[in-house]
$ cat final22.cif   # mmCIF, C-alpha atoms
data_my_file
#
loop_
_atom_site.label_atom_id
_atom_site.label_comp_id
_atom_site.auth_asym_id
_atom_site.auth_seq_id
_atom_site.Cartn_x
_atom_site.Cartn_y
_atom_site.Cartn_z
CA MET Z 276 54.96 -10.01 95.74
CA ASN Z 277 55.66 -6.28 95.54
CA ALA Z 278 59.29 -5.21 95.47
CA PRO Z 279 60.32 -3.16 98.54
CA LEU Z 280 60.38 0.61 98.23
CA PRO Z 281 63.69 2.44 98.56
CA ALA Z 282 64.49 2.87 102.24
CA PRO Z 283 65.53 6.37 103.37
CA GLU Z 284 68.75 5.08 104.91
CA GLN Z 285 69.71 3.37 101.62
CA VAL Z 286 69.08 6.52 99.61
CA PHE Z 287 70.80 8.83 102.07
CA ASP Z 288 73.84 6.59 102.48
CA TYR Z 289 74.19 6.42 98.70
CA ALA Z 290 73.89 10.22 98.41
CA ALA Z 291 76.41 10.86 101.18
CA ASP Z 292 78.88 8.47 99.56
CA ARG Z 293 78.44 10.17 96.18
CA ILE Z 294 79.03 13.59 97.74
CA GLN Z 295 82.13 12.35 99.56
CA GLN Z 296 83.56 10.86 96.35
CA ALA Z 297 82.79 13.99 94.33
CA ALA Z 298 84.40 16.26 96.92
CA ASN Z 299 87.48 14.05 97.14
CA SER Z 300 87.87 14.16 93.36
CA LEU Z 301 87.60 17.96 93.25
CA TRP Z 302 89.82 18.59 96.27
CA PRO Z 303 92.11 15.53 96.56
CA ASP Z 304 94.59 17.24 98.88
CA SER Z 305 92.01 18.79 101.20
CA ALA Z 306 90.25 17.63 104.33
CA VAL Z 307 86.58 17.02 103.50
CA ARG Z 308 84.06 16.67 106.29
CA LEU Z 309 80.38 15.97 105.72
CA GLY Z 310 78.04 17.97 107.92
CA PRO Z 311 74.31 17.70 108.60
CA HIS Z 312 71.73 16.71 106.02
CA VAL Z 313 69.48 19.67 105.13
CA PRO Z 314 65.81 18.58 105.38
CA SER Z 315 64.10 18.79 102.00
CA VAL Z 316 61.43 16.99 99.98
CA THR Z 317 63.22 17.68 96.70
CA ALA Z 318 66.99 17.21 96.31
CA TYR Z 319 69.48 15.74 98.77
CA VAL Z 320 71.45 18.66 100.26
CA ARG Z 321 74.27 18.41 102.75
CA HIS Z 322 76.47 20.84 104.63
CA ILE Z 323 80.13 20.05 104.05
CA GLU Z 324 83.48 21.61 104.91
CA VAL Z 325 86.56 21.58 102.71
CA ASP Z 326 89.62 22.53 104.76
CA GLY Z 327 87.20 24.26 107.12
CA ARG Z 328 85.47 26.20 104.33
CA PRO Z 329 81.67 25.78 104.58
CA LEU Z 330 79.86 24.70 101.41
CA PHE Z 331 76.58 23.16 100.34
CA ALA Z 332 76.59 19.91 98.33
CA LYS Z 333 73.51 18.99 96.31
CA LEU Z 334 72.56 15.75 94.56
CA SER Z 335 69.44 15.20 92.45
CA PHE Z 336 67.93 11.72 92.04
CA LEU Z 337 66.82 11.22 88.44
CA GLY Z 338 65.46 14.77 88.36
CA VAL Z 339 62.57 13.79 90.68
CA SER Z 340 61.89 14.73 94.27
CA LEU Z 341 63.16 12.66 97.19
CA ALA Z 342 59.54 12.22 98.21
CA SER Z 343 58.69 10.64 94.84
CA LEU Z 344 61.78 8.44 94.88
CA LEU Z 345 60.96 7.10 98.36
CA ARG Z 346 57.35 6.42 97.33
CA GLY Z 347 58.69 4.14 94.60
CA ALA Z 348 58.21 6.37 91.55
CA CYS Z 349 61.56 5.16 90.16
CA GLY Z 350 61.15 1.52 91.15
CA PRO Z 351 62.69 -0.52 93.98
CA TRP Z 352 66.09 0.58 95.22
CA PRO Z 353 68.30 -1.70 93.07
CA GLU Z 354 66.51 -0.49 89.94
CA ALA Z 355 66.47 3.16 91.07
CA ARG Z 356 70.15 3.02 91.98
CA ALA Z 357 71.12 1.59 88.57
CA ARG Z 358 69.06 4.26 86.84
CA GLN Z 359 70.67 6.93 89.01
CA ASP Z 360 74.18 5.74 88.14
CA ALA Z 361 73.28 5.98 84.43
CA TYR Z 362 71.67 9.40 84.98
CA ILE Z 363 74.86 10.75 86.58
CA ALA Z 364 77.01 9.34 83.79
CA ALA Z 365 74.89 10.98 81.07
CA THR Z 366 74.97 14.65 80.12
CA GLY Z 367 72.20 17.21 80.53
CA GLY Z 368 71.00 16.22 83.99
CA MET Z 369 69.08 18.72 86.08
CA LEU Z 370 71.99 19.82 88.27
CA GLU Z 371 74.27 20.17 85.25
CA ARG Z 372 71.72 22.60 83.82
CA GLU Z 373 71.36 24.31 87.20
CA THR Z 374 75.13 24.82 87.23
CA ILE Z 375 74.90 26.49 83.82
CA GLN Z 376 72.01 28.61 85.05
CA TYR Z 377 74.04 29.90 87.99
CA GLY Z 378 76.52 31.08 85.39
CA ILE Z 379 73.69 32.85 83.55
CA LEU Z 380 72.66 34.60 86.76
CA HIS Z 381 76.21 35.83 87.29
CA THR Z 382 76.50 36.93 83.64
CA ALA Z 383 73.26 38.91 84.03
CA ARG Z 384 74.83 40.53 87.13
CA LEU Z 385 72.36 39.04 89.57
CA ARG Z 386 73.60 38.10 93.01
CA ALA Z 387 73.73 34.32 93.44
CA PRO Z 388 75.85 31.74 95.29
CA LYS Z 389 79.31 31.14 93.92
CA ILE Z 390 79.78 27.71 92.35
CA THR Z 391 82.83 25.96 93.74
CA GLY Z 392 82.53 22.79 91.70
CA TYR Z 393 80.35 20.35 89.80
CA THR Z 394 81.24 16.74 89.13
CA ALA Z 395 79.58 13.33 89.03
CA GLY Z 396 76.13 14.82 89.46
CA VAL Z 397 77.01 16.80 92.60
CA LEU Z 398 76.85 20.61 92.73
CA PHE Z 399 78.92 22.50 95.32
CA THR Z 400 78.12 26.12 96.18
CA GLU Z 401 79.12 28.68 98.77
CA PRO Z 402 76.42 29.58 101.32
CA ILE Z 403 74.74 32.98 101.38
CA THR Z 404 73.49 34.18 104.74
CA GLY Z 405 70.92 36.86 105.32
CA SER Z 406 67.17 37.44 105.59
CA THR Z 407 64.74 35.65 103.31
CA LEU Z 408 61.83 37.40 101.62
CA THR Z 409 59.46 35.88 104.21
CA ASP Z 410 61.68 37.03 107.09
CA LEU Z 411 61.63 40.62 105.87
CA VAL Z 412 57.94 40.69 104.97
CA VAL Z 413 56.93 39.45 108.43
CA LYS Z 414 59.39 41.81 110.14
CA GLU Z 415 58.45 44.84 108.03
CA PRO Z 416 55.01 44.13 106.53
CA ALA Z 417 54.58 47.66 105.21
CA ARG Z 418 57.50 46.98 102.84
CA THR Z 419 55.88 43.92 101.22
CA ALA Z 420 55.09 45.57 97.88
CA ASP Z 421 58.49 47.28 97.72
CA LEU Z 422 60.36 44.03 98.46
CA LEU Z 423 58.42 42.14 95.78
CA ALA Z 424 59.03 44.99 93.34
CA GLN Z 425 62.76 44.95 94.08
CA MET Z 426 62.85 41.20 93.48
CA THR Z 427 61.08 41.73 90.14
CA GLU Z 428 63.42 44.54 89.07
CA GLU Z 429 66.43 42.29 89.68
CA LEU Z 430 64.94 39.42 87.70
CA ALA Z 431 64.20 41.77 84.80
CA HIS Z 432 67.91 41.47 83.89
CA LEU Z 433 67.10 37.93 82.71
CA ARG Z 434 64.77 39.33 80.04
CA GLN Z 435 67.71 40.54 77.93
CA ASP Z 436 68.04 38.76 74.57
CA GLN Z 437 71.42 37.20 75.42
CA ALA Z 438 70.18 35.80 78.74
CA ALA Z 439 67.00 34.48 77.14
CA ALA Z 440 68.98 32.59 74.50
CA LEU Z 441 71.24 31.05 77.16
CA VAL Z 442 68.25 30.02 79.27
CA ALA Z 443 66.54 28.40 76.30
CA ALA Z 444 69.63 26.25 75.72
CA ALA Z 445 69.81 25.06 79.35
CA ALA Z 446 66.17 25.29 80.43
CA ILE Z 447 64.73 23.31 83.35
CA PRO Z 448 61.04 23.24 82.36
CA GLU Z 449 60.35 20.24 84.59
CA ARG Z 450 60.54 22.55 87.62
CA SER Z 451 57.80 24.85 86.31
CA VAL Z 452 54.52 25.14 88.19
CA PRO Z 453 52.32 23.67 85.40
CA ALA Z 454 54.77 20.84 84.64
CA THR Z 455 55.00 19.85 88.31
CA PHE Z 456 51.23 19.96 88.74
CA HIS Z 457 50.40 17.93 85.64
CA ARG Z 458 53.13 15.40 86.41
CA LYS Z 459 51.68 14.80 89.88
CA PHE Z 460 48.02 14.71 88.87
CA ASN Z 461 47.90 12.57 85.77
CA GLY Z 462 45.41 9.74 85.27
CA LEU Z 463 44.85 6.83 87.64
CA SER Z 464 48.07 7.48 89.56
CA SER Z 465 46.59 10.80 90.64
CA ARG Z 466 43.74 9.06 92.49
CA ARG Z 467 46.09 6.72 94.29
CA TYR Z 468 48.38 9.61 95.17
CA LEU Z 469 45.56 11.81 96.49
CA ALA Z 470 44.28 8.91 98.61
CA LEU Z 471 47.55 9.12 100.55
CA THR Z 472 46.61 12.61 101.80
CA GLY Z 473 44.11 11.07 104.25
CA GLN Z 474 41.21 13.21 105.44
CA ALA Z 475 42.14 15.95 102.96
CA ALA Z 476 41.68 13.63 99.96
CA PRO Z 477 38.05 14.50 99.02
CA THR Z 478 38.68 18.24 99.11
CA LEU Z 479 41.98 17.99 97.27
CA ALA Z 480 40.43 15.74 94.61
CA ALA Z 481 37.85 18.44 93.94
CA VAL Z 482 40.55 21.13 93.86
CA VAL Z 483 42.69 19.15 91.41
CA GLY Z 484 39.70 18.43 89.20
CA ARG Z 485 38.86 22.12 88.95
CA LEU Z 486 42.42 23.08 88.11
CA LEU Z 487 42.64 20.40 85.43
CA ARG Z 488 39.40 21.69 83.90
CA ASP Z 489 40.70 25.26 83.87
CA ARG Z 490 43.69 24.72 81.57
CA LEU Z 491 42.90 27.93 79.65
CA ALA Z 492 43.72 29.92 82.78
CA THR Z 493 47.40 28.92 82.49
CA PRO Z 494 48.52 30.07 79.04
CA PRO Z 495 52.00 29.27 77.69
CA GLY Z 496 54.56 32.01 77.28
CA ASN Z 497 58.07 32.78 76.07
CA THR Z 498 59.28 34.98 78.94
CA VAL Z 499 62.31 33.91 80.98
CA VAL Z 500 61.07 32.85 84.42
CA PHE Z 501 63.24 31.97 87.39
CA GLY Z 502 61.22 28.80 87.86
CA ASP Z 503 61.71 28.02 91.55
CA LEU Z 504 60.93 31.44 92.98
CA LYS Z 505 60.24 30.54 96.59
CA PRO Z 506 60.62 33.20 99.30
CA GLU Z 507 63.47 31.19 100.86
CA HIS Z 508 65.30 31.37 97.53
CA VAL Z 509 65.31 35.20 97.66
CA ILE Z 510 67.78 36.35 100.30
CA TRP Z 511 68.95 39.81 101.25
CA PRO Z 512 72.52 39.26 102.47
CA THR Z 513 73.48 41.08 105.64
CA ALA Z 514 74.27 44.77 104.97
CA GLU Z 515 73.58 44.35 101.22
CA PRO Z 516 70.79 46.32 99.48
CA ARG Z 517 70.24 43.83 96.64
CA PRO Z 518 68.75 40.34 96.99
CA ALA Z 519 70.51 37.13 95.99
CA PHE Z 520 68.75 34.25 94.23
CA LEU Z 521 69.18 30.54 95.00
CA ASP Z 522 68.26 27.33 93.17
CA PRO Z 523 67.34 28.54 89.69
CA GLY Z 524 65.03 26.43 87.55
CA MET Z 525 64.76 28.81 84.64
CA SER Z 526 62.74 28.19 81.50
CA LEU Z 527 60.51 30.08 79.08
CA SER Z 528 56.95 30.44 80.34
CA HIS Z 529 54.22 32.89 81.28
CA PRO Z 530 55.51 35.45 83.83
CA CYS Z 531 52.65 34.48 86.16
CA ALA Z 532 54.55 31.25 86.85
CA ASP Z 533 57.09 33.13 88.96
CA TYR Z 534 54.65 35.47 90.65
CA GLY Z 535 52.17 32.67 91.34
CA LYS Z 536 54.82 30.56 93.03
CA VAL Z 537 56.23 33.28 95.27
CA ILE Z 538 52.73 34.38 96.30
CA SER Z 539 51.73 30.76 96.90
CA ARG Z 540 54.62 30.10 99.26
CA LEU Z 541 54.37 33.48 100.98
CA THR Z 542 50.66 33.03 101.73
CA LEU Z 543 51.20 29.43 102.87
CA ALA Z 544 53.78 30.77 105.33
CA LEU Z 545 51.19 33.22 106.69
CA ILE Z 546 48.61 30.46 107.17
CA ALA Z 547 51.13 28.08 108.75
CA ASP Z 548 52.65 30.65 111.10
CA PRO Z 549 50.20 33.55 111.48
CA PRO Z 550 51.99 36.81 112.26
CA GLY Z 551 48.91 38.45 113.80
CA SER Z 552 45.96 40.21 112.20
CA PRO Z 553 47.47 43.69 111.63
CA ARG Z 554 50.63 42.27 110.04
CA THR Z 555 48.66 39.82 107.91
CA ARG Z 556 46.48 42.63 106.55
CA LEU Z 557 49.51 44.78 105.75
CA ILE Z 558 51.23 41.87 103.98
CA LEU Z 559 48.17 40.97 101.91
CA ASP Z 560 47.62 44.64 101.06
CA GLY Z 561 51.24 44.73 99.91
CA VAL Z 562 50.74 41.64 97.73
CA HIS Z 563 47.65 43.30 96.24
CA SER Z 564 49.59 46.51 95.57
CA PHE Z 565 52.34 44.51 93.91
CA ALA Z 566 49.85 42.85 91.57
CA GLY Z 567 48.55 46.31 90.78
CA MET Z 568 52.06 47.47 89.84
CA LEU Z 569 52.25 44.58 87.38
CA THR Z 570 48.79 44.92 85.83
CA ASP Z 571 47.35 48.42 86.20
CA VAL Z 572 48.84 49.57 82.88
CA MET Z 573 47.29 46.64 80.98
CA PRO Z 574 44.09 46.94 78.94
CA ARG Z 575 41.06 45.74 80.88
CA ALA Z 576 40.66 42.37 79.14
CA GLU Z 577 44.39 41.59 79.34
CA ARG Z 578 44.48 42.50 83.02
CA ALA Z 579 41.52 40.23 83.76
CA ALA Z 580 43.13 37.27 81.94
CA TRP Z 581 46.50 37.95 83.60
CA LEU Z 582 45.04 37.97 87.12
CA ARG Z 583 43.10 34.77 86.39
CA ALA Z 584 46.34 33.13 85.22
CA LEU Z 585 48.11 34.39 88.36
CA VAL Z 586 45.50 32.83 90.64
CA ALA Z 587 45.59 29.56 88.68
CA MET Z 588 49.40 29.32 88.97
CA TRP Z 589 49.15 30.12 92.68
CA MET Z 590 46.54 27.42 93.27
CA MET Z 591 48.46 24.79 91.27
CA ASP Z 592 51.64 25.41 93.22
CA ALA Z 593 49.94 25.45 96.61
CA THR Z 594 48.10 22.22 95.81
CA SER Z 595 51.29 20.54 94.61
CA ILE Z 596 53.36 21.40 97.66
CA LEU Z 597 50.59 20.66 100.16
CA THR Z 598 50.09 17.17 98.72
CA THR Z 599 53.86 16.62 98.70
CA TYR Z 600 54.02 17.43 102.41
CA LEU Z 601 50.93 15.36 103.32
CA THR Z 602 52.24 12.29 101.48
CA ALA Z 603 55.88 12.58 102.57
CA PRO Z 604 57.21 9.06 103.25
CA THR Z 605 58.16 8.08 106.78
CA GLY Z 606 61.84 8.71 107.38
CA LEU Z 607 62.10 11.72 105.04
CA PRO Z 608 63.20 14.72 107.15
CA LEU Z 609 60.91 17.70 106.59
CA PRO Z 610 61.76 21.38 107.03
CA ASP Z 611 60.04 23.08 109.97
CA ALA Z 612 57.96 25.13 107.51
CA ALA Z 613 56.63 21.93 105.93
CA GLN Z 614 55.44 20.54 109.26
CA ALA Z 615 53.75 23.86 110.02
CA VAL Z 616 51.81 23.62 106.73
CA ILE Z 617 50.79 20.04 107.57
CA ASP Z 618 49.55 21.22 110.98
CA HIS Z 619 47.33 23.80 109.23
CA ALA Z 620 46.27 21.58 106.32
CA THR Z 621 42.54 22.01 107.01
CA ALA Z 622 42.78 25.79 106.71
CA VAL Z 623 44.90 25.49 103.55
CA CYS Z 624 42.44 23.04 101.99
CA THR Z 625 39.52 25.37 102.72
CA MET Z 626 41.38 28.25 101.03
CA LEU Z 627 42.15 26.07 98.00
CA ASP Z 628 38.58 24.77 97.81
CA ARG Z 629 36.99 28.22 97.88
CA THR Z 630 39.43 29.83 95.49
CA THR Z 631 39.37 27.08 92.86
CA ALA Z 632 35.57 27.07 92.99
CA ASP Z 633 35.71 30.78 92.15
CA LEU Z 634 38.28 30.07 89.44
CA ASN Z 635 35.91 27.62 87.75
CA GLU Z 636 33.07 30.12 87.98
CA HIS Z 637 33.81 32.12 84.84
CA ARG Z 638 31.32 34.81 85.77
CA VAL Z 639 33.86 35.87 88.41
CA ASN Z 640 36.16 38.25 86.56
CA GLY Z 641 39.92 38.34 87.04
CA PRO Z 642 40.13 41.31 89.46
CA ASP Z 643 37.29 39.96 91.63
CA LEU Z 644 38.83 36.46 91.60
CA TRP Z 645 42.14 37.91 92.76
CA LEU Z 646 40.53 39.84 95.64
CA ARG Z 647 38.51 36.79 96.70
CA ALA Z 648 41.68 34.70 96.76
CA LEU Z 649 43.39 37.20 99.06
CA ASN Z 650 40.33 37.31 101.31
CA ASN Z 651 40.33 33.51 101.46
CA VAL Z 652 43.92 33.65 102.70
CA ALA Z 653 42.97 36.20 105.37
CA THR Z 654 40.16 33.90 106.53
CA ALA Z 655 42.53 30.91 106.63
CA VAL Z 656 45.06 32.86 108.68
CA ARG Z 657 42.39 33.72 111.23
CA GLY Z 658 41.65 29.99 111.48
#

$ encode --input "final22.cif" --output "structure tokens"
Amino acid sequence: MNAPLPAPEQVFDYAADRIQQAANSLWPDSAVRLGPHVPSVTAYVRHIEVDGRPLFAKLSFLGVSLASLLRGACGPWPEARARQDAYIAATGGMLERETIQYGILHTARLRAPKITGYTAGVLFTEPITGSTLTDLVVKEPARTADLLAQMTEELAHLRQDQAAALVAAAAIPERSVPATFHRKFNGLSSRRYLALTGQAAPTLAAVVGRLLRDRLATPPGNTVVFGDLKPEHVIWPTAEPRPAFLDPGMSLSHPCADYGKVISRLTLALIADPPGSPRTRLILDGVHSFAGMLTDVMPRAERAAWLRALVAMWMMDATSILTTYLTAPTGLPLPDAAQAVIDHATAVCTMLDRTTADLNEHRVNGPDLWLRALNNVATAVRG
């Protein structure tokens, strides 16, 4: 008889209790009130107030996503809970390293949330309000290239030798695009996992197979990358000219890892919530111009390899997050953006299928592959 999977209410009650205990230990003389749970497929995040001061509290389960935990990746709940207690008691957990990385961001003079405390595996930060990268791109599509360039210029501060050494000592490589992809699609478990995506399974199996065959398109690297560069993690605070960065997952990798992820999530947002044909064209033209800023100075062969790596990173990330959304366990609250992607899964799958087929066709050179990928997005947006 199979052991029961962790129930969402068990996991969430445990997480809320841990957050309450951690907050009470940090602020024993303050009034702590837990607010709403923030829907997410990754970590457990909760609004809280400490003497009326709004904060975010974040708890990671064994360094895996909530979706994986609830699907039984860490065993039945008694086993997963015991492992989680040991994980919190040990040093070097993911959120401990994320806390260190916030310090690195501040040291490099990047804007980032202020840390208000870390204890017992729970990270507390101040909120930052403003417009996300997606908000601004949709509102002002002609600024797409400039906004992406500004984001890149800010992150360039992390390329300094001191910052690179600090990142290497507290890296979170498990959040990287290639690591996430290969962890999800590994051996027999990959087939069982893809079967959970329903009608999309045959197409996604073909997509995954192509990406696994094209390992040479995702070369390693030793550049500091932000690691979790989603558009919602890049926020322009109200009345501030510089963006702030949330949820770092920095490590040393190929720079395409960052650019592939932000382009993946930005284009998924366009497919899931089409802003209209003229805006879509302006946004995709801006993305193309941004890639040109990054690669036009490269020698021809290097530029071709770089653009192929960019498309591969993009496809790996989009495949990973789409399958996460399609297989989300019942009872796991999803962000509105996730449900919108699920509602447009057929269009996303078609884009992935066409682009990865081109990626495996080595007669398609890097620049042509890149343009075809953008055109596949435009077709998906049109439905």

$ resolve_selection --input "final22.cif" --expression "the PyMOL selection byres ((chain Z and resi 548) around 9)" --output "tab-separated table (two decimals) with C-alpha atoms, keeping the file's coordinate frame"
chain	number	residue	atom	x	y	z
Z	543	LEU	CA	51.20	29.43	102.87
Z	544	ALA	CA	53.78	30.77	105.33
Z	545	LEU	CA	51.19	33.22	106.69
Z	546	ILE	CA	48.61	30.46	107.17
Z	547	ALA	CA	51.13	28.08	108.75
Z	549	PRO	CA	50.20	33.55	111.48
Z	550	PRO	CA	51.99	36.81	112.26
Z	612	ALA	CA	57.96	25.13	107.51
Z	615	ALA	CA	53.75	23.86	110.02
Z	616	VAL	CA	51.81	23.62	106.73
Z	619	HIS	CA	47.33	23.80	109.23
Z	656	VAL	CA	45.06	32.86	108.68

$ residues_around --input "final22.cif" --residues "stretch 288-297 of chain Z" --least-positions-apart "6" --cutoff "7 Å" --atoms "all atoms listed in the file" --output "VMD selection string"
chain Z and resid 332 334 394 to 395 397

$ residues_around --input "final22.cif" --residues "Z:Glu507" --least-positions-apart "2" --cutoff "12 Å" --atoms "all atoms listed in the file" --output "list in words"
Ile403, Thr404, Gly405, Ser406, Thr407, Leu408, Thr409, Asp410, Leu411, Val412, Asp503, Leu504, Lys505, Val509, Ile510, Trp511, Pro518, Ala519, Phe520, Leu521, Asp522, Lys536, Val537, Arg540, Leu541, Ala544, Pro610 and Ala612 of chain Z

$ residues_around --input "final22.cif" --residues "stretch 631-642 of chain Z" --least-positions-apart "2" --cutoff "7 Å" --atoms "only C-alpha atoms" --output "list in words"
Val482, Arg485, Leu486, Asp489, Ala579, Ala580, Leu582, Arg583, Leu627, Asp628, Arg629, Leu644, Trp645 and Leu646 of chain Z

$ residues_around --input "final22.cif" --residues "Z:Ser340" --least-positions-apart "4" --cutoff "10 Å" --atoms "all atoms listed in the file" --output "PyMOL selection string"
chain Z and resi 315-319+335-336+344-346+348+599

$ residues_around --input "final22.cif" --residues "Z:Arg554" --least-positions-apart "6" --cutoff "10 Å" --atoms "all atoms listed in the file" --output "number ranges by chain"
Z: 412-417, 545, 560

$ resolve_selection --input "final22.cif" --expression "the PyMOL selection byres ((chain Z and resi 331) around 8)" --output "PyMOL selection string"
chain Z and resi 320-323+329-330+332-333+399-402

$ closest_atom_pairs --input "final22.cif" --of "stretch 315-421 of chain Z" --to "stretch 447-465 of chain Z" --cutoff "8 Å" --atoms "all atoms listed in the file" --output "tab-separated table"
residue	atom	partner	partner_atom	distance
Z:Met369	CA	Z:Ile447	CA	6.9
Z:Arg372	CA	Z:Ile447	CA	7.0
Z:Glu373	CA	Z:Ile447	CA	7.7

$ atom_distance --input "final22.cif" --atom1 "atom CA of Z:Leu422" --atom2 "atom CA of Z:Gln437"
26.5 Å

$ build_atoms --input "final22.cif" --residues "stretch 629-644 of chain Z" --atoms "N, CA, C and O atoms" --output "mmCIF file, in the coordinates of the input"
data_model
loop_
_atom_site.group_PDB
_atom_site.id
_atom_site.type_symbol
_atom_site.label_atom_id
_atom_site.label_comp_id
_atom_site.auth_asym_id
_atom_site.auth_seq_id
_atom_site.Cartn_x
_atom_site.Cartn_y
_atom_site.Cartn_z
ATOM 1 N N ARG Z 629 37.770 27.025 98.197
ATOM 2 C CA ARG Z 629 36.990 28.220 97.880
ATOM 3 C C ARG Z 629 37.535 28.944 96.651
ATOM 4 O O ARG Z 629 36.777 29.396 95.784
ATOM 5 N N THR Z 630 38.847 29.053 96.573
ATOM 6 C CA THR Z 630 39.430 29.830 95.490
ATOM 7 C C THR Z 630 39.304 29.109 94.150
ATOM 8 O O THR Z 630 39.019 29.734 93.121
ATOM 9 N N THR Z 631 39.512 27.792 94.136
ATOM 10 C CA THR Z 631 39.370 27.080 92.860
ATOM 11 C C THR Z 631 37.919 27.002 92.412
ATOM 12 O O THR Z 631 37.628 26.961 91.216
ATOM 13 N N ALA Z 632 36.983 27.000 93.372
ATOM 14 C CA ALA Z 632 35.570 27.070 92.990
ATOM 15 C C ALA Z 632 35.289 28.400 92.289
ATOM 16 O O ALA Z 632 34.581 28.449 91.272
ATOM 17 N N ASP Z 633 35.853 29.477 92.811
ATOM 18 C CA ASP Z 633 35.710 30.780 92.150
ATOM 19 C C ASP Z 633 36.399 30.783 90.787
ATOM 20 O O ASP Z 633 35.898 31.386 89.833
ATOM 21 N N LEU Z 634 37.541 30.125 90.697
ATOM 22 C CA LEU Z 634 38.280 30.070 89.440
ATOM 23 C C LEU Z 634 37.461 29.386 88.351
ATOM 24 O O LEU Z 634 37.475 29.802 87.186
ATOM 25 N N ASN Z 635 36.741 28.335 88.724
ATOM 26 C CA ASN Z 635 35.910 27.620 87.750
ATOM 27 C C ASN Z 635 34.625 28.360 87.405
ATOM 28 O O ASN Z 635 33.963 28.036 86.420
ATOM 29 N N GLU Z 636 34.272 29.334 88.237
ATOM 30 C CA GLU Z 636 33.070 30.120 87.980
ATOM 31 C C GLU Z 636 33.458 31.299 87.090
ATOM 32 O O GLU Z 636 33.940 32.329 87.561
ATOM 33 N N HIS Z 637 33.285 31.139 85.793
ATOM 34 C CA HIS Z 637 33.810 32.120 84.840
ATOM 35 C C HIS Z 637 33.077 33.450 84.866
ATOM 36 O O HIS Z 637 33.529 34.416 84.247
ATOM 37 N N ARG Z 638 31.977 33.512 85.610
ATOM 38 C CA ARG Z 638 31.320 34.810 85.770
ATOM 39 C C ARG Z 638 32.080 35.695 86.752
ATOM 40 O O ARG Z 638 31.827 36.891 86.830
ATOM 41 N N VAL Z 639 33.006 35.089 87.511
ATOM 42 C CA VAL Z 639 33.860 35.870 88.410
ATOM 43 C C VAL Z 639 35.031 36.394 87.591
ATOM 44 O O VAL Z 639 35.860 35.616 87.105
ATOM 45 N N ASN Z 640 35.109 37.702 87.410
ATOM 46 C CA ASN Z 640 36.160 38.250 86.560
ATOM 47 C C ASN Z 640 37.518 38.225 87.267
ATOM 48 O O ASN Z 640 37.598 37.974 88.478
ATOM 49 N N GLY Z 641 38.572 38.465 86.506
ATOM 50 C CA GLY Z 641 39.920 38.340 87.040
ATOM 51 C C GLY Z 641 40.180 39.177 88.283
ATOM 52 O O GLY Z 641 40.658 38.657 89.313
ATOM 53 N N PRO Z 642 39.883 40.490 88.271
ATOM 54 C CA PRO Z 642 40.130 41.310 89.460
ATOM 55 C C PRO Z 642 39.350 40.834 90.687
ATOM 56 O O PRO Z 642 39.881 40.817 91.805
ATOM 57 N N ASP Z 643 38.081 40.446 90.500
ATOM 58 C CA ASP Z 643 37.290 39.960 91.630
ATOM 59 C C ASP Z 643 37.829 38.621 92.142
ATOM 60 O O ASP Z 643 37.871 38.362 93.352
ATOM 61 N N LEU Z 644 38.234 37.748 91.219
ATOM 62 C CA LEU Z 644 38.830 36.460 91.600
ATOM 63 C C LEU Z 644 40.072 36.682 92.455
ATOM 64 O O LEU Z 644 40.265 36.012 93.481
#
